[in-house]
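Quick notes on the structure that follows.
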Amino acid sequence: MTKDEIRTICEKRFKELGAEKIELQPSGECWTLNGEFFKVTTLQDWWVLEWTNNYSYASNYCFEDLEPMLYDISEAEIITQISSLLGR
């Protein structure tokens, strides 16, 4: 999968769960749901979901990472990762 495909699947799942897209500086585009902040970071060989429940941390790019995931992953696996992170 490409970086754009990964991001699109993640964004679609966040929307389905009721998250709202926000822009934070310097963190950039994030998602917020029930007081928690989430970010999808795509790197050269893998991508990671990041989260924090602290607005100040989210505003200053201080997120906690989930384990790195390779791009060779199915849509179902991505949705499972997001759902497990959100406890849904």
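Just so we're on the same page: first chain in the structure tokens is A, next is B, and so on; residues restart at 1 for each chain, and ligands are numbered from 1 in the order they show up.
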
Give me, as a Markdown table, each residue of segment 3-41 of chain A that comes within 12 Å of segment 72-87 of chain A, together with its shortest interatomic pair and the distance in Å at one decimal, counting only C-alpha atoms, with rows ordered by chain and rising residue number.
```
| residue | atom | partner | partner_atom | distance |
| --- | --- | --- | --- | --- |
| A:Lys3 | CA | A:Asp72 | CA | 10.8 |
| A:Glu5 | CA | A:Glu75 | CA | 9.2 |
| A:Ile6 | CA | A:Ile78 | CA | 7.9 |
| A:Arg7 | CA | A:Ile78 | CA | 10.0 |
| A:Thr8 | CA | A:Glu75 | CA | 10.2 |
| A:Ile9 | CA | A:Glu75 | CA | 6.9 |
| A:Cys10 | CA | A:Ile78 | CA | 7.1 |
| A:Glu11 | CA | A:Ile82 | CA | 10.1 |
| A:Lys12 | CA | A:Ile79 | CA | 9.4 |
| A:Arg13 | CA | A:Ile79 | CA | 6.6 |
| A:Phe14 | CA | A:Ile82 | CA | 7.9 |
| A:Lys15 | CA | A:Ile82 | CA | 11.5 |
| A:Glu16 | CA | A:Ser83 | CA | 10.7 |
| A:Leu17 | CA | A:Ser83 | CA | 8.8 |
| A:Gly18 | CA | A:Leu86 | CA | 11.3 |
| A:Ala19 | CA | A:Leu86 | CA | 10.6 |
| A:Trp31 | CA | A:Leu86 | CA | 11.9 |
| A:Thr32 | CA | A:Leu86 | CA | 11.2 |
| A:Leu33 | CA | A:Leu86 | CA | 8.9 |
| A:Asn34 | CA | A:Leu86 | CA | 9.8 |
| A:Gly35 | CA | A:Leu86 | CA | 11.5 |
| A:Glu36 | CA | A:Leu86 | CA | 9.2 |
| A:Phe37 | CA | A:Leu86 | CA | 10.6 |
| A:Phe38 | CA | A:Leu85 | CA | 9.7 |
| A:Lys39 | CA | A:Ile82 | CA | 10.9 |
| A:Val40 | CA | A:Ile82 | CA | 10.3 |
```

For N, CA, C and O atoms, I'd like the residues from the last selection saved as an mmCIF file, in the first residue's frame.
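The resulting file, selection-v5.cif, is shown below:
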```
data_model
loop_
_atom_site.group_PDB
_atom_site.id
_atom_site.type_symbol
_atom_site.label_atom_id
_atom_site.label_comp_id
_atom_site.auth_asym_id
_atom_site.auth_seq_id
_atom_site.Cartn_x
_atom_site.Cartn_y
_atom_site.Cartn_z
ATOM 1 N N LYS A 3 1.627 5.379 0.934
ATOM 2 C CA LYS A 3 1.397 6.267 2.084
ATOM 3 C C LYS A 3 0.034 6.922 2.004
ATOM 4 O O LYS A 3 -0.678 7.021 3.007
ATOM 5 N N GLU A 5 -2.667 5.811 0.470
ATOM 6 C CA GLU A 5 -3.711 4.818 0.718
ATOM 7 C C GLU A 5 -3.867 4.553 2.213
ATOM 8 O O GLU A 5 -4.984 4.465 2.728
ATOM 9 N N ILE A 6 -2.744 4.421 2.892
ATOM 10 C CA ILE A 6 -2.773 4.204 4.353
ATOM 11 C C ILE A 6 -3.487 5.370 5.029
ATOM 12 O O ILE A 6 -4.387 5.181 5.854
ATOM 13 N N ARG A 7 -3.082 6.577 4.691
ATOM 14 C CA ARG A 7 -3.667 7.774 5.320
ATOM 15 C C ARG A 7 -5.168 7.852 5.046
ATOM 16 O O ARG A 7 -5.959 8.155 5.930
ATOM 17 N N THR A 8 -5.582 7.547 3.815
ATOM 18 C CA THR A 8 -7.003 7.594 3.456
ATOM 19 C C THR A 8 -7.816 6.592 4.270
ATOM 20 O O THR A 8 -8.894 6.915 4.780
ATOM 21 N N ILE A 9 -7.309 5.380 4.413
ATOM 22 C CA ILE A 9 -8.012 4.355 5.193
ATOM 23 C C ILE A 9 -8.114 4.788 6.661
ATOM 24 O O ILE A 9 -9.173 4.656 7.278
ATOM 25 N N CYS A 10 -7.021 5.311 7.214
ATOM 26 C CA CYS A 10 -7.033 5.769 8.607
ATOM 27 C C CYS A 10 -8.029 6.903 8.791
ATOM 28 O O CYS A 10 -8.827 6.894 9.746
ATOM 29 N N GLU A 11 -8.005 7.873 7.904
ATOM 30 C CA GLU A 11 -8.910 9.014 8.020
ATOM 31 C C GLU A 11 -10.365 8.572 7.917
ATOM 32 O O GLU A 11 -11.219 9.050 8.659
ATOM 33 N N LYS A 12 -10.637 7.649 6.997
ATOM 34 C CA LYS A 12 -12.005 7.148 6.843
ATOM 35 C C LYS A 12 -12.471 6.484 8.141
ATOM 36 O O LYS A 12 -13.587 6.695 8.602
ATOM 37 N N ARG A 13 -11.598 5.677 8.751
ATOM 38 C CA ARG A 13 -11.968 4.987 9.994
ATOM 39 C C ARG A 13 -12.173 5.980 11.130
ATOM 40 O O ARG A 13 -13.117 5.855 11.917
ATOM 41 N N PHE A 14 -11.291 6.971 11.248
ATOM 42 C CA PHE A 14 -11.466 7.995 12.287
ATOM 43 C C PHE A 14 -12.818 8.697 12.119
ATOM 44 O O PHE A 14 -13.530 8.921 13.087
ATOM 45 N N LYS A 15 -13.167 9.053 10.876
ATOM 46 C CA LYS A 15 -14.454 9.714 10.613
ATOM 47 C C LYS A 15 -15.619 8.825 11.011
ATOM 48 O O LYS A 15 -16.585 9.281 11.612
ATOM 49 N N GLU A 16 -15.545 7.535 10.649
ATOM 50 C CA GLU A 16 -16.614 6.584 10.989
ATOM 51 C C GLU A 16 -16.832 6.506 12.493
ATOM 52 O O GLU A 16 -17.958 6.304 12.957
ATOM 53 N N LEU A 17 -15.767 6.660 13.250
ATOM 54 C CA LEU A 17 -15.854 6.571 14.706
ATOM 55 C C LEU A 17 -16.255 7.895 15.348
ATOM 56 O O LEU A 17 -16.399 7.977 16.563
ATOM 57 N N GLY A 18 -16.403 8.943 14.529
ATOM 58 C CA GLY A 18 -16.859 10.228 15.038
ATOM 59 C C GLY A 18 -15.757 11.217 15.377
ATOM 60 O O GLY A 18 -16.012 12.247 15.994
ATOM 61 N N ALA A 19 -14.533 10.926 14.969
ATOM 62 C CA ALA A 19 -13.426 11.841 15.245
ATOM 63 C C ALA A 19 -13.508 13.056 14.328
ATOM 64 O O ALA A 19 -14.063 12.992 13.227
ATOM 65 N N TRP A 31 -6.390 14.185 14.611
ATOM 66 C CA TRP A 31 -7.790 13.823 14.818
ATOM 67 C C TRP A 31 -8.069 13.875 16.307
ATOM 68 O O TRP A 31 -7.219 13.521 17.115
ATOM 69 N N THR A 32 -9.256 14.319 16.682
ATOM 70 C CA THR A 32 -9.627 14.340 18.087
ATOM 71 C C THR A 32 -10.930 13.583 18.282
ATOM 72 O O THR A 32 -11.847 13.683 17.472
ATOM 73 N N LEU A 33 -10.979 12.779 19.339
ATOM 74 C CA LEU A 33 -12.152 11.980 19.670
ATOM 75 C C LEU A 33 -12.179 11.749 21.169
ATOM 76 O O LEU A 33 -11.208 11.223 21.734
ATOM 77 N N ASN A 34 -13.258 12.182 21.802
ATOM 78 C CA ASN A 34 -13.438 11.979 23.242
ATOM 79 C C ASN A 34 -12.239 12.458 24.066
ATOM 80 O O ASN A 34 -11.786 11.780 24.985
ATOM 81 N N GLY A 35 -11.711 13.612 23.701
ATOM 82 C CA GLY A 35 -10.608 14.195 24.470
ATOM 83 C C GLY A 35 -9.244 13.616 24.177
ATOM 84 O O GLY A 35 -8.268 13.965 24.832
ATOM 85 N N GLU A 36 -9.143 12.724 23.207
ATOM 86 C CA GLU A 36 -7.846 12.163 22.837
ATOM 87 C C GLU A 36 -7.467 12.635 21.439
ATOM 88 O O GLU A 36 -8.331 12.928 20.612
ATOM 89 N N PHE A 37 -6.182 12.714 21.197
ATOM 90 C CA PHE A 37 -5.658 13.227 19.936
ATOM 91 C C PHE A 37 -4.859 12.126 19.243
ATOM 92 O O PHE A 37 -4.082 11.422 19.885
ATOM 93 N N PHE A 38 -5.052 12.008 17.935
ATOM 94 C CA PHE A 38 -4.419 10.955 17.158
ATOM 95 C C PHE A 38 -3.760 11.545 15.925
ATOM 96 O O PHE A 38 -4.243 12.509 15.363
ATOM 97 N N LYS A 39 -2.671 10.920 15.512
ATOM 98 C CA LYS A 39 -1.943 11.377 14.329
ATOM 99 C C LYS A 39 -1.416 10.151 13.594
ATOM 100 O O LYS A 39 -0.988 9.191 14.223
ATOM 101 N N VAL A 40 -1.471 10.199 12.275
ATOM 102 C CA VAL A 40 -0.910 9.135 11.441
ATOM 103 C C VAL A 40 0.381 9.675 10.847
ATOM 104 O O VAL A 40 0.371 10.691 10.160
#
```

**Surrounding residues of Gly28 of chain A excluding itself and chain neighbours under 5 positions, 10 Å, only C-alpha atoms, as a PyMOL selection string** = chain A and resi 22-23+39+58-61

**Request:** For each of A:Glu64, A:Tyr71, A:Tyr57, A:Met1, take the minimum atom-to-atom distance to Pro26 of chain A, counting only C-alpha atoms, then give the residue where this is smallest.
**Result:** A:Tyr57

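Reported to one decimal place, the separation of atom CA of Glu67 of chain A from atom CA of Asn54 of chain A is 19.8 Å.
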